[in-house]
file start23.cif (mmCIF, C-alpha atoms and all ligand atoms; chains and numbers go by the auth columns)
data_my_file
loop_
_atom_site.group_PDB
_atom_site.id
_atom_site.type_symbol
_atom_site.label_atom_id
_atom_site.label_comp_id
_atom_site.label_asym_id
_atom_site.label_seq_id
_atom_site.Cartn_x
_atom_site.Cartn_y
_atom_site.Cartn_z
_atom_site.B_iso_or_equiv
_atom_site.auth_seq_id
_atom_site.auth_asym_id
ATOM 1 C CA MET A 1 -12.342 6.672 -18.570 0.00 809 A
ATOM 2 C CA THR A 2 -10.794 6.252 -15.175 0.00 810 A
ATOM 3 C CA GLU A 3 -9.850 9.403 -13.302 0.00 811 A
ATOM 4 C CA ARG A 4 -7.492 7.481 -11.073 0.00 812 A
ATOM 5 C CA LYS A 5 -3.755 8.123 -11.314 0.00 813 A
ATOM 6 C CA PRO A 6 -1.828 4.840 -11.227 0.00 814 A
ATOM 7 C CA MET A 7 0.499 4.169 -8.335 0.00 815 A
ATOM 8 C CA ILE A 8 3.590 1.974 -8.083 0.00 816 A
ATOM 9 C CA ALA A 9 4.688 1.499 -4.477 0.00 817 A
ATOM 10 C CA GLY A 10 7.725 -0.359 -3.152 0.00 818 A
ATOM 11 C CA ASN A 11 7.879 -1.966 0.282 0.00 819 A
ATOM 12 C CA TRP A 12 11.455 -2.681 1.322 0.00 820 A
ATOM 13 C CA LYS A 13 10.315 -4.508 4.475 0.00 821 A
ATOM 14 C CA MET A 14 13.177 -5.341 6.906 0.00 822 A
ATOM 15 C CA PHE A 15 15.870 -5.324 4.236 0.00 823 A
ATOM 16 C CA LYS A 16 19.036 -3.289 3.636 0.00 824 A
ATOM 17 C CA THR A 17 21.567 -1.447 5.791 0.00 825 A
ATOM 18 C CA LEU A 18 21.938 2.333 5.588 0.00 826 A
ATOM 19 C CA PRO A 19 24.656 2.290 2.877 0.00 827 A
ATOM 20 C CA GLN A 20 22.626 -0.220 0.848 0.00 828 A
ATOM 21 C CA ALA A 21 19.410 1.807 1.227 0.00 829 A
ATOM 22 C CA LEU A 22 21.183 5.012 0.162 0.00 830 A
ATOM 23 C CA GLY A 23 22.821 3.249 -2.784 0.00 831 A
ATOM 24 C CA THR A 24 19.547 1.788 -4.109 0.00 832 A
ATOM 25 C CA ALA A 25 17.726 5.092 -3.585 0.00 833 A
ATOM 26 C CA ARG A 26 20.369 7.027 -5.556 0.00 834 A
ATOM 27 C CA GLU A 27 20.337 4.444 -8.342 0.00 835 A
ATOM 28 C CA LEU A 28 16.559 4.664 -8.513 0.00 836 A
ATOM 29 C CA VAL A 29 16.546 8.442 -8.759 0.00 837 A
ATOM 30 C CA ASP A 30 19.036 8.163 -11.643 0.00 838 A
ATOM 31 C CA LEU A 31 16.812 5.650 -13.432 0.00 839 A
ATOM 32 C CA LEU A 32 13.589 7.630 -12.925 0.00 840 A
ATOM 33 C CA LYS A 33 14.447 10.820 -14.769 0.00 841 A
ATOM 34 C CA LYS A 34 11.525 10.669 -17.212 0.00 842 A
ATOM 35 C CA PRO A 35 8.153 11.658 -15.635 0.00 843 A
ATOM 36 C CA PRO A 36 6.369 8.383 -14.781 0.00 844 A
ATOM 37 C CA VAL A 37 2.633 8.037 -15.506 0.00 845 A
ATOM 38 C CA ALA A 38 2.237 6.656 -11.986 0.00 846 A
ATOM 39 C CA ASP A 39 2.821 8.099 -8.545 0.00 847 A
ATOM 40 C CA VAL A 40 5.890 6.317 -7.178 0.00 848 A
ATOM 41 C CA MET A 41 6.592 5.539 -3.527 0.00 849 A
ATOM 42 C CA ILE A 42 9.298 3.706 -1.615 0.00 850 A
ATOM 43 C CA ALA A 43 8.761 2.581 1.980 0.00 851 A
ATOM 44 C CA PRO A 44 12.125 1.783 3.627 0.00 852 A
ATOM 45 C CA ALA A 45 12.630 0.797 7.280 0.00 853 A
ATOM 46 C CA HIS A 46 11.842 3.664 9.671 0.00 854 A
ATOM 47 C CA VAL A 47 15.504 4.370 10.466 0.00 855 A
ATOM 48 C CA PHE A 48 16.206 5.145 6.796 0.00 856 A
ATOM 49 C CA LEU A 49 13.303 7.555 6.255 0.00 857 A
ATOM 50 C CA GLN A 50 15.129 10.759 7.015 0.00 858 A
ATOM 51 C CA PRO A 51 18.334 9.946 5.071 0.00 859 A
ATOM 52 C CA LEU A 52 16.259 8.769 2.113 0.00 860 A
ATOM 53 C CA PHE A 53 14.172 11.917 2.149 0.00 861 A
ATOM 54 C CA THR A 54 17.318 13.875 1.332 0.00 862 A
ATOM 55 C CA VAL A 55 17.787 11.626 -1.738 0.00 863 A
ATOM 56 C CA PHE A 56 14.146 11.613 -2.892 0.00 864 A
ATOM 57 C CA GLU A 57 13.364 15.294 -2.281 0.00 865 A
ATOM 58 C CA SER A 58 12.402 17.034 -5.570 0.00 866 A
ATOM 59 C CA THR A 59 12.406 13.717 -7.511 0.00 867 A
ATOM 60 C CA TYR A 60 9.525 11.533 -8.732 0.00 868 A
ATOM 61 C CA VAL A 61 9.858 9.241 -5.727 0.00 869 A
ATOM 62 C CA ALA A 62 7.743 9.894 -2.632 0.00 870 A
ATOM 63 C CA LEU A 63 8.559 8.512 0.771 0.00 871 A
ATOM 64 C CA GLY A 64 6.343 6.102 2.701 0.00 872 A
ATOM 65 C CA ALA A 65 6.580 4.341 6.063 0.00 873 A
ATOM 66 C CA GLN A 66 5.781 0.674 6.666 0.00 874 A
ATOM 67 C CA ASN A 67 3.785 1.195 9.854 0.00 875 A
ATOM 68 C CA VAL A 68 2.630 3.867 12.314 0.00 876 A
ATOM 69 C CA PHE A 69 1.143 4.066 15.808 0.00 877 A
ATOM 70 C CA TRP A 70 -2.294 5.582 16.469 0.00 878 A
ATOM 71 C CA GLU A 71 -1.330 8.181 19.098 0.00 879 A
ATOM 72 C CA ASN A 72 0.569 11.368 18.308 0.00 880 A
ATOM 73 C CA GLU A 73 2.869 11.101 21.324 0.00 881 A
ATOM 74 C CA GLY A 74 3.147 9.439 24.715 0.00 882 A
ATOM 75 C CA ALA A 75 4.656 6.589 26.664 0.00 883 A
ATOM 76 C CA PHE A 76 4.591 3.995 23.868 0.00 884 A
ATOM 77 C CA THR A 77 8.122 2.630 23.803 0.00 885 A
ATOM 78 C CA GLY A 78 9.343 1.671 20.373 0.00 886 A
ATOM 79 C CA GLU A 79 6.447 3.166 18.443 0.00 887 A
ATOM 80 C CA ILE A 80 6.491 5.924 15.814 0.00 888 A
ATOM 81 C CA SER A 81 3.701 8.497 15.496 0.00 889 A
ATOM 82 C CA PRO A 82 2.092 10.146 12.463 0.00 890 A
ATOM 83 C CA PRO A 83 3.589 13.605 13.189 0.00 891 A
ATOM 84 C CA MET A 84 7.040 11.984 13.509 0.00 892 A
ATOM 85 C CA LEU A 85 6.595 10.512 10.033 0.00 893 A
ATOM 86 C CA THR A 86 5.444 13.763 8.441 0.00 894 A
ATOM 87 C CA SER A 87 8.318 15.598 10.148 0.00 895 A
ATOM 88 C CA VAL A 88 10.840 13.497 8.183 0.00 896 A
ATOM 89 C CA GLY A 89 9.074 13.955 4.853 0.00 897 A
ATOM 90 C CA CYS A 90 6.735 10.962 4.683 0.00 898 A
ATOM 91 C CA LYS A 91 3.716 11.273 2.431 0.00 899 A
ATOM 92 C CA TYR A 92 2.347 7.728 2.646 0.00 900 A
ATOM 93 C CA VAL A 93 2.129 4.988 5.245 0.00 901 A
ATOM 94 C CA ILE A 94 1.423 1.289 4.714 0.00 902 A
ATOM 95 C CA ILE A 95 -1.125 0.086 7.282 0.00 903 A
ATOM 96 C CA GLY A 96 -2.294 -3.461 8.008 0.00 904 A
ATOM 97 C CA HIS A 97 0.260 -5.341 5.917 0.00 905 A
ATOM 98 C CA SER A 98 -0.410 -9.086 6.167 0.00 906 A
ATOM 99 C CA GLU A 99 3.038 -9.671 7.708 0.00 907 A
ATOM 100 C CA ARG A 100 2.054 -7.357 10.553 0.00 908 A
ATOM 101 C CA ARG A 101 -1.362 -9.018 10.854 0.00 909 A
ATOM 102 C CA GLN A 102 0.374 -12.421 10.960 0.00 910 A
ATOM 103 C CA PHE A 103 3.475 -11.763 13.111 0.00 911 A
ATOM 104 C CA LEU A 104 2.776 -8.554 15.059 0.00 912 A
ATOM 105 C CA SER A 105 -0.818 -9.073 16.260 0.00 913 A
ATOM 106 C CA GLU A 106 -2.249 -6.352 14.023 0.00 914 A
ATOM 107 C CA THR A 107 -6.058 -6.436 14.341 0.00 915 A
ATOM 108 C CA ASN A 108 -8.797 -4.842 12.236 0.00 916 A
ATOM 109 C CA GLU A 109 -9.556 -2.555 15.202 0.00 917 A
ATOM 110 C CA ASN A 110 -5.945 -1.359 15.543 0.00 918 A
ATOM 111 C CA ILE A 111 -5.708 -0.915 11.805 0.00 919 A
ATOM 112 C CA ARG A 112 -8.736 1.385 11.850 0.00 920 A
ATOM 113 C CA LYS A 113 -7.168 3.467 14.630 0.00 921 A
ATOM 114 C CA LYS A 114 -3.932 3.748 12.644 0.00 922 A
ATOM 115 C CA ILE A 115 -5.777 4.791 9.486 0.00 923 A
ATOM 116 C CA LYS A 116 -7.640 7.468 11.456 0.00 924 A
ATOM 117 C CA ALA A 117 -4.468 8.814 13.075 0.00 925 A
ATOM 118 C CA ALA A 118 -2.620 8.846 9.742 0.00 926 A
ATOM 119 C CA ILE A 119 -5.405 10.765 8.003 0.00 927 A
ATOM 120 C CA ASP A 120 -5.617 13.247 10.883 0.00 928 A
ATOM 121 C CA SER A 121 -1.905 14.000 10.277 0.00 929 A
ATOM 122 C CA ARG A 122 -2.409 14.234 6.486 0.00 930 A
ATOM 123 C CA LEU A 123 -0.548 11.038 5.727 0.00 931 A
ATOM 124 C CA ILE A 124 -2.020 8.938 2.922 0.00 932 A
ATOM 125 C CA PRO A 125 -2.682 5.408 4.182 0.00 933 A
ATOM 126 C CA ILE A 126 -2.072 2.409 1.951 0.00 934 A
ATOM 127 C CA PHE A 127 -4.519 0.073 3.636 0.00 935 A
ATOM 128 C CA CYS A 128 -3.685 -3.605 3.015 0.00 936 A
ATOM 129 C CA VAL A 129 -6.215 -6.407 2.888 0.00 937 A
ATOM 130 C CA GLY A 130 -6.004 -9.978 1.656 0.00 938 A
ATOM 131 C CA GLU A 131 -7.025 -13.561 2.301 0.00 939 A
ATOM 132 C CA THR A 132 -4.777 -16.469 3.249 0.00 940 A
ATOM 133 C CA GLU A 133 -4.508 -19.610 1.159 0.00 941 A
ATOM 134 C CA ALA A 134 -6.592 -21.552 3.687 0.00 942 A
ATOM 135 C CA GLU A 135 -9.317 -18.899 3.550 0.00 943 A
ATOM 136 C CA ARG A 136 -9.326 -18.989 -0.260 0.00 944 A
ATOM 137 C CA ASP A 137 -9.481 -22.803 -0.261 0.00 945 A
ATOM 138 C CA ALA A 138 -12.416 -22.650 2.172 0.00 946 A
ATOM 139 C CA GLU A 139 -14.163 -20.181 -0.203 0.00 947 A
ATOM 140 C CA LYS A 140 -14.034 -17.469 2.417 0.00 948 A
ATOM 141 C CA THR A 141 -12.202 -14.885 0.279 0.00 949 A
ATOM 142 C CA PHE A 142 -15.138 -12.517 -0.128 0.00 950 A
ATOM 143 C CA SER A 143 -16.309 -12.706 3.483 0.00 951 A
ATOM 144 C CA VAL A 144 -12.770 -12.164 4.807 0.00 952 A
ATOM 145 C CA LEU A 145 -12.235 -9.141 2.557 0.00 953 A
ATOM 146 C CA ASP A 146 -15.671 -7.761 3.348 0.00 954 A
ATOM 147 C CA LYS A 147 -14.832 -7.827 7.056 0.00 955 A
ATOM 148 C CA GLN A 148 -11.304 -6.422 6.680 0.00 956 A
ATOM 149 C CA VAL A 149 -12.465 -3.528 4.503 0.00 957 A
ATOM 150 C CA ARG A 150 -15.569 -2.672 6.562 0.00 958 A
ATOM 151 C CA LYS A 151 -13.749 -2.810 9.921 0.00 959 A
ATOM 152 C CA GLY A 152 -10.724 -0.907 8.664 0.00 960 A
ATOM 153 C CA ILE A 153 -12.637 2.053 7.316 0.00 961 A
ATOM 154 C CA GLU A 154 -15.897 2.134 9.243 0.00 962 A
ATOM 155 C CA LYS A 155 -17.274 5.436 10.557 0.00 963 A
ATOM 156 C CA PHE A 156 -15.139 7.803 8.489 0.00 964 A
ATOM 157 C CA SER A 157 -16.478 10.706 6.499 0.00 965 A
ATOM 158 C CA ARG A 158 -16.172 10.539 2.708 0.00 966 A
ATOM 159 C CA ASP A 159 -13.857 13.515 2.864 0.00 967 A
ATOM 160 C CA GLU A 160 -11.505 11.745 5.288 0.00 968 A
ATOM 161 C CA LEU A 161 -11.186 8.820 2.862 0.00 969 A
ATOM 162 C CA LYS A 162 -10.731 10.851 -0.313 0.00 970 A
ATOM 163 C CA ASP A 163 -6.996 10.005 -0.719 0.00 971 A
ATOM 164 C CA LEU A 164 -6.989 6.559 0.897 0.00 972 A
ATOM 165 C CA VAL A 165 -5.344 3.821 -1.172 0.00 973 A
ATOM 166 C CA ILE A 166 -6.316 0.173 -0.724 0.00 974 A
ATOM 167 C CA ALA A 167 -3.863 -2.614 -1.508 0.00 975 A
ATOM 168 C CA TYR A 168 -5.321 -6.039 -2.212 0.00 976 A
ATOM 169 C CA GLU A 169 -2.584 -8.529 -1.382 0.00 977 A
ATOM 170 C CA PRO A 170 -3.565 -12.200 -1.330 0.00 978 A
ATOM 171 C CA VAL A 171 -1.334 -13.614 1.409 0.00 979 A
ATOM 172 C CA TRP A 172 -0.639 -16.742 -0.673 0.00 980 A
ATOM 173 C CA ALA A 173 0.912 -14.559 -3.384 0.00 981 A
ATOM 174 C CA ILE A 174 3.236 -12.467 -1.203 0.00 982 A
ATOM 175 C CA GLY A 175 6.880 -13.418 -1.627 0.00 983 A
ATOM 176 C CA THR A 176 5.906 -16.823 -3.007 0.00 984 A
ATOM 177 C CA GLY A 177 6.324 -16.228 -6.726 0.00 985 A
ATOM 178 C CA LYS A 178 2.626 -17.106 -7.155 0.00 986 A
ATOM 179 C CA THR A 179 0.686 -14.194 -8.633 0.00 987 A
ATOM 180 C CA ALA A 180 -3.081 -14.023 -8.781 0.00 988 A
ATOM 181 C CA THR A 181 -4.101 -14.155 -12.431 0.00 989 A
ATOM 182 C CA LYS A 182 -5.204 -10.827 -13.823 0.00 990 A
ATOM 183 C CA LYS A 183 -8.779 -12.166 -13.868 0.00 991 A
ATOM 184 C CA GLN A 184 -8.629 -13.301 -10.226 0.00 992 A
ATOM 185 C CA ALA A 185 -7.199 -9.928 -9.171 0.00 993 A
ATOM 186 C CA GLN A 186 -9.709 -7.942 -11.244 0.00 994 A
ATOM 187 C CA GLU A 187 -12.605 -9.882 -9.696 0.00 995 A
ATOM 188 C CA ILE A 188 -11.467 -8.996 -6.187 0.00 996 A
ATOM 189 C CA HIS A 189 -10.691 -5.364 -7.042 0.00 997 A
ATOM 190 C CA ALA A 190 -14.174 -4.973 -8.528 0.00 998 A
ATOM 191 C CA PHE A 191 -15.631 -6.535 -5.376 0.00 999 A
ATOM 192 C CA ILE A 192 -13.714 -4.108 -3.129 0.00 1000 A
ATOM 193 C CA ARG A 193 -14.778 -1.136 -5.261 0.00 1001 A
ATOM 194 C CA SER A 194 -18.422 -2.232 -5.111 0.00 1002 A
ATOM 195 C CA LEU A 195 -18.115 -2.525 -1.345 0.00 1003 A
ATOM 196 C CA ILE A 196 -16.784 1.042 -1.130 0.00 1004 A
ATOM 197 C CA GLU A 197 -19.686 2.123 -3.314 0.00 1005 A
ATOM 198 C CA LYS A 198 -22.168 0.401 -0.984 0.00 1006 A
ATOM 199 C CA ILE A 199 -20.706 2.037 2.115 0.00 1007 A
ATOM 200 C CA TYR A 200 -19.570 5.455 0.846 0.00 1008 A
ATOM 201 C CA GLY A 201 -21.220 5.948 -2.551 0.00 1009 A
ATOM 202 C CA ASN A 202 -20.214 5.953 -6.163 0.00 1010 A
ATOM 203 C CA ASP A 203 -18.127 9.137 -6.153 0.00 1011 A
ATOM 204 C CA LEU A 204 -15.631 7.858 -3.613 0.00 1012 A
ATOM 205 C CA ALA A 205 -15.620 4.340 -5.109 0.00 1013 A
ATOM 206 C CA LYS A 206 -14.784 5.720 -8.545 0.00 1014 A
ATOM 207 C CA LYS A 207 -11.883 7.770 -7.178 0.00 1015 A
ATOM 208 C CA MET A 208 -10.335 5.242 -4.819 0.00 1016 A
ATOM 209 C CA ARG A 209 -7.105 3.666 -5.996 0.00 1017 A
ATOM 210 C CA ILE A 210 -6.884 -0.081 -5.440 0.00 1018 A
ATOM 211 C CA LEU A 211 -3.405 -1.581 -5.858 0.00 1019 A
ATOM 212 C CA TYR A 212 -2.567 -5.233 -6.364 0.00 1020 A
ATOM 213 C CA GLY A 213 0.283 -6.828 -4.409 0.00 1021 A
ATOM 214 C CA GLY A 214 1.785 -10.298 -4.555 0.00 1022 A
ATOM 215 C CA SER A 215 4.876 -11.270 -6.590 0.00 1023 A
ATOM 216 C CA VAL A 216 4.520 -8.384 -9.067 0.00 1024 A
ATOM 217 C CA LYS A 217 7.463 -8.274 -11.502 0.00 1025 A
ATOM 218 C CA PRO A 218 8.428 -6.434 -14.698 0.00 1026 A
ATOM 219 C CA THR A 219 6.991 -9.386 -16.641 0.00 1027 A
ATOM 220 C CA ASN A 220 3.459 -9.319 -15.194 0.00 1028 A
ATOM 221 C CA ILE A 221 2.836 -5.643 -14.374 0.00 1029 A
ATOM 222 C CA ALA A 222 1.501 -4.595 -17.793 0.00 1030 A
ATOM 223 C CA ASP A 223 -1.116 -7.362 -17.830 0.00 1031 A
ATOM 224 C CA LEU A 224 -2.305 -6.459 -14.343 0.00 1032 A
ATOM 225 C CA MET A 225 -2.414 -2.739 -15.182 0.00 1033 A
ATOM 226 C CA GLY A 226 -4.573 -3.527 -18.188 0.00 1034 A
ATOM 227 C CA MET A 227 -7.480 -4.499 -15.934 0.00 1035 A
ATOM 228 C CA ASP A 228 -10.246 -1.960 -15.261 0.00 1036 A
ATOM 229 C CA ASP A 229 -10.087 -1.918 -11.462 0.00 1037 A
ATOM 230 C CA ILE A 230 -6.345 -2.400 -10.930 0.00 1038 A
ATOM 231 C CA ASP A 231 -4.818 1.026 -10.360 0.00 1039 A
ATOM 232 C CA GLY A 232 -1.273 0.076 -9.508 0.00 1040 A
ATOM 233 C CA ALA A 233 0.855 -2.259 -7.451 0.00 1041 A
ATOM 234 C CA LEU A 234 2.458 -2.660 -4.051 0.00 1042 A
ATOM 235 C CA ILE A 235 5.731 -4.457 -4.590 0.00 1043 A
ATOM 236 C CA GLY A 236 7.987 -6.220 -2.094 0.00 1044 A
ATOM 237 C CA GLY A 237 10.829 -8.344 -3.486 0.00 1045 A
ATOM 238 C CA ALA A 238 10.979 -6.688 -6.899 0.00 1046 A
ATOM 239 C CA SER A 239 11.320 -3.223 -5.343 0.00 1047 A
ATOM 240 C CA LEU A 240 14.667 -4.020 -3.706 0.00 1048 A
ATOM 241 C CA GLU A 241 16.702 -3.625 -6.916 0.00 1049 A
ATOM 242 C CA ALA A 242 16.491 -0.187 -8.542 0.00 1050 A
ATOM 243 C CA ASP A 243 16.750 -1.562 -12.063 0.00 1051 A
ATOM 244 C CA THR A 244 13.908 -4.072 -11.604 0.00 1052 A
ATOM 245 C CA PHE A 245 11.684 -1.565 -9.828 0.00 1053 A
ATOM 246 C CA SER A 246 12.261 1.089 -12.502 0.00 1054 A
ATOM 247 C CA LYS A 247 11.103 -1.392 -15.166 0.00 1055 A
ATOM 248 C CA ILE A 248 7.866 -1.830 -13.204 0.00 1056 A
ATOM 249 C CA VAL A 249 7.457 1.942 -12.874 0.00 1057 A
ATOM 250 C CA TYR A 250 7.757 2.384 -16.660 0.00 1058 A
ATOM 251 C CA TYR A 251 5.572 -0.666 -17.381 0.00 1059 A
HETATM 252 C C1 LIG B . 4.419 -6.995 -0.218 0.00 1 B
HETATM 253 O O1 LIG B . 5.246 -7.131 0.655 0.00 1 B
HETATM 254 O O2 LIG B . 3.520 -6.160 -0.071 0.00 1 B
HETATM 255 C C2 LIG B . 4.524 -7.832 -1.424 0.00 1 B
HETATM 256 C C3 LIG B . 3.556 -7.800 -2.285 0.00 1 B
HETATM 257 O O3 LIG B . 5.658 -8.614 -1.551 0.00 1 B
HETATM 258 P P1 LIG B . 6.157 -9.387 -2.881 0.00 1 B
HETATM 259 O O4 LIG B . 6.049 -8.415 -4.030 0.00 1 B
HETATM 260 O O5 LIG B . 7.538 -9.792 -2.601 0.00 1 B
HETATM 261 O O6 LIG B . 5.229 -10.544 -3.089 0.00 1 B
#

call {"tool": "encode", "arguments": {"input": "start23.cif", "output": "structure tokens", "more": "lines below"}}
Ligand code: PEP
result
Amino acid sequence: MTERKPMIAGNWKMFKTLPQALGTARELVDLLKKPPVADVMIAPAHVFLQPLFTVFESTYVALGAQNVFWENEGAFTGEISPPMLTSVGCKYVIIGHSERRQFLSETNENIRKKIKAAIDSRLIPIFCVGETEAERDAEKTFSVLDKQVRKGIEKFSRDELKDLVIAYEPVWAIGTGKTATKKQAQEIHAFIRSLIEKIYGNDLAKKMRILYGGSVKPTNIADLMGMDDIDGALIGGASLEADTFSKIVYY
């Protein structure tokens, strides 16, 4: 039996205004009155973190950020630090999302620094990895993931990584409507778990939650969750509407 608690995480990306964010958050809290089996997280844009904390406080929804910088303070114009995030009630932070790797020059080295800084501030990182379509077509999926995982979490202690969450998000499935089949996703999740076992041992590998991300919807979540190594989902588009997201939460 798995000892891993499932997790359903929503990434609102660069969507919504403040009134829209507050409205969806309130609707979601109303819909999630029954204790979910999964941990639930919403990551809105940074400017909405504090107002949303007031809505999510003492509910089943935890707050996450979509990015963080690796220093605690300093002359880094436009950046947000781990202590800033914890000070507004953040519990989680998404790190290394493929959109940031693709459009914001996020590198494996920077991602590792961000994971380290987040953990040092007691934030739980949701560390994203995933191959592009071209990499999959060139049969490079496993080597790409091997490198992303190793570089992102090298030279940590097992204790530092005890709460880390990994999100496997094939880039070709994000926002495209194409979902990896449950077999394709399971194969990659098992590969990532075996890699964690190789580097950090069986105990950590058994405990680490690995989420799937890429066009998850109410209609495919149950199938994905039925697979041995899929512990939850990171959801973009389908997290923007409270009703749709709540159906995924209560899969
Ligand atoms: C994501 O942004 O992490 C994601 C998986 O997006 P979508 O669910 O829209 O594919």

call {"tool": "closest_atom_pairs", "arguments": {"input": "start23.cif", "of": "chain A", "to": "ligand LIG 1 (chain B)", "cutoff": "9 Å", "atoms": "all atoms listed in the file", "output": "Markdown table"}}
result
| residue | atom | partner | partner_atom | distance |
| --- | --- | --- | --- | --- |
| A:Ala817 | CA | B:LIG1 | O2 | 8.9 |
| A:Gly818 | CA | B:LIG1 | O2 | 7.8 |
| A:Asn819 | CA | B:LIG1 | O1 | 5.8 |
| A:Trp820 | CA | B:LIG1 | O1 | 7.7 |
| A:Lys821 | CA | B:LIG1 | O1 | 6.9 |
| A:His905 | CA | B:LIG1 | O2 | 6.9 |
| A:Ser906 | CA | B:LIG1 | O2 | 7.9 |
| A:Glu907 | CA | B:LIG1 | O1 | 7.8 |
| A:Cys936 | CA | B:LIG1 | O2 | 8.2 |
| A:Ala975 | CA | B:LIG1 | O2 | 8.3 |
| A:Glu977 | CA | B:LIG1 | C3 | 6.2 |
| A:Pro978 | CA | B:LIG1 | C3 | 8.4 |
| A:Val979 | CA | B:LIG1 | C3 | 8.4 |
| A:Trp980 | CA | B:LIG1 | O6 | 8.9 |
| A:Ala981 | CA | B:LIG1 | O6 | 5.9 |
| A:Ile982 | CA | B:LIG1 | O6 | 3.4 |
| A:Gly983 | CA | B:LIG1 | O6 | 3.6 |
| A:Thr984 | CA | B:LIG1 | O6 | 6.3 |
| A:Gly985 | CA | B:LIG1 | O6 | 6.8 |
| A:Lys986 | CA | B:LIG1 | O6 | 8.1 |
| A:Thr987 | CA | B:LIG1 | O6 | 8.0 |
| A:Tyr1020 | CA | B:LIG1 | C3 | 7.8 |
| A:Gly1021 | CA | B:LIG1 | C3 | 4.0 |
| A:Gly1022 | CA | B:LIG1 | O6 | 3.8 |
| A:Ser1023 | CA | B:LIG1 | O6 | 3.6 |
| A:Val1024 | CA | B:LIG1 | O4 | 5.3 |
| A:Lys1025 | CA | B:LIG1 | O4 | 7.6 |
| A:Ala1041 | CA | B:LIG1 | C3 | 8.0 |
| A:Leu1042 | CA | B:LIG1 | O2 | 5.4 |
| A:Ile1043 | CA | B:LIG1 | O4 | 4.0 |
| A:Gly1044 | CA | B:LIG1 | O3 | 3.4 |
| A:Gly1045 | CA | B:LIG1 | O5 | 3.7 |
| A:Ala1046 | CA | B:LIG1 | O4 | 6.0 |
| A:Ser1047 | CA | B:LIG1 | O4 | 7.5 |

call {"tool": "resolve_selection", "arguments": {"input": "start23.cif", "expression": "the PyMOL selection byres (((chain A and resi 1034) around 12) and not hetatm)", "output": "PyMOL selection string"}}
result
chain A and resi 810+814+990-991+993-994+1028-1033+1035-1040+1059

call {"tool": "closest_residue", "arguments": {"input": "start23.cif", "among": "A:Asp928, A:Glu914, A:Glu835, A:Glu1049", "to": "Phe964 in chain A", "atoms": "all atoms listed in the file"}}
result
A:Asp928

call {"tool": "closest_residue", "arguments": {"input": "start23.cif", "among": "A:Val957, A:Phe864, A:Ser929, A:Asp945", "to": "Phe877 in chain A", "atoms": "only C-alpha atoms"}}
result
A:Ser929

call {"tool": "resolve_selection", "arguments": {"input": "start23.cif", "expression": "the PyMOL selection byres (((chain A and resi 890-903) around 9) and not hetatm)", "output": "ChimeraX atom specification"}}
result
/A:819,849,851,854,857-859,861-862,865,870-881,888-889,904-905,908,919-920,922-923,925-936

call {"tool": "atom_distance", "arguments": {"input": "start23.cif", "atom1": "CA of Leu836 in chain A", "atom2": "CA of Ser1054 in chain A"}}
result
6.9 Å

call {"tool": "resolve_selection", "arguments": {"input": "start23.cif", "expression": "the PyMOL selection byres (((chain A and resi 1011) around 12) and not hetatm)", "output": "number ranges by chain"}}
result
A: 810-812, 966-967, 969-970, 1001-1002, 1004-1010, 1012-1016

call {"tool": "atom_distance", "arguments": {"input": "start23.cif", "atom1": "CA of Met815 in chain A", "atom2": "CA of Ile1018 in chain A"}}
result
9.0 Å

call {"tool": "axis_aligned_box", "arguments": {"input": "start23.cif", "around": "range 882-892 of chain A", "padding_each_side": "4 Å", "output": "JSON"}}
result
{"center_x": 5.7, "center_y": 7.6, "center_z": 19.6, "size_x": 15.3, "size_y": 19.9, "size_z": 22.2}

call {"tool": "residues_around", "arguments": {"input": "start23.cif", "residues": "Ala1050 in chain A", "least_positions_apart": "4", "cutoff": "12 Å", "atoms": "all atoms listed in the file", "output": "MDAnalysis selection string"}}
result
chainID A and resid 818 820 828:840 850 869 1026 1045:1046 1054:1057

call {"tool": "atom_distance", "arguments": {"input": "start23.cif", "atom1": "CA of Glu887 in chain A", "atom2": "CA of Ala853 in chain A"}}
result
13.0 Å

call {"tool": "closest_residue", "arguments": {"input": "start23.cif", "among": "A:Leu1048, A:Leu972, A:Val845, A:Ala988", "to": "Arg1017 in chain A", "atoms": "all atoms listed in the file"}}
result
A:Leu972

call {"tool": "residues_near_point", "arguments": {"input": "start23.cif", "point": "(-5.8, -14.1, 2.1)", "cutoff": "8 Å", "atoms": "all atoms listed in the file", "output": "list in words"}}
result
Val937, Gly938, Glu939, Thr940, Glu941, Ala942, Glu943, Arg944, Thr949, Val952, Glu977, Pro978, Val979 and Trp980 of chain A

call {"tool": "build_atoms", "arguments": {"input": "start23.cif", "residues": "range 1008-1013 of chain A", "atoms": "N, CA and C atoms", "output": "PDB file, in the frame of the given file"}}
result
ATOM      1  N   TYR A1008     -19.862   4.016   0.943  1.00  0.00           N
ATOM      2  CA  TYR A1008     -19.570   5.455   0.846  1.00  0.00           C
ATOM      3  C   TYR A1008     -20.028   6.116  -0.455  1.00  0.00           C
ATOM      4  N   GLY A1009     -20.663   5.340  -1.340  1.00  0.00           N
ATOM      5  CA  GLY A1009     -21.220   5.948  -2.551  1.00  0.00           C
ATOM      6  C   GLY A1009     -20.283   5.872  -3.740  1.00  0.00           C
ATOM      7  N   ASN A1010     -20.888   6.143  -4.882  1.00  0.00           N
ATOM      8  CA  ASN A1010     -20.214   5.953  -6.163  1.00  0.00           C
ATOM      9  C   ASN A1010     -19.031   6.904  -6.374  1.00  0.00           C
ATOM     10  N   ASP A1011     -19.181   8.152  -5.908  1.00  0.00           N
ATOM     11  CA  ASP A1011     -18.127   9.137  -6.153  1.00  0.00           C
ATOM     12  C   ASP A1011     -16.799   8.691  -5.547  1.00  0.00           C
ATOM     13  N   LEU A1012     -16.862   8.295  -4.280  1.00  0.00           N
ATOM     14  CA  LEU A1012     -15.631   7.858  -3.613  1.00  0.00           C
ATOM     15  C   LEU A1012     -15.109   6.561  -4.245  1.00  0.00           C
ATOM     16  N   ALA A1013     -16.031   5.630  -4.532  1.00  0.00           N
ATOM     17  CA  ALA A1013     -15.620   4.340  -5.109  1.00  0.00           C
ATOM     18  C   ALA A1013     -14.890   4.541  -6.436  1.00  0.00           C
TER      19      ALA A1013
END
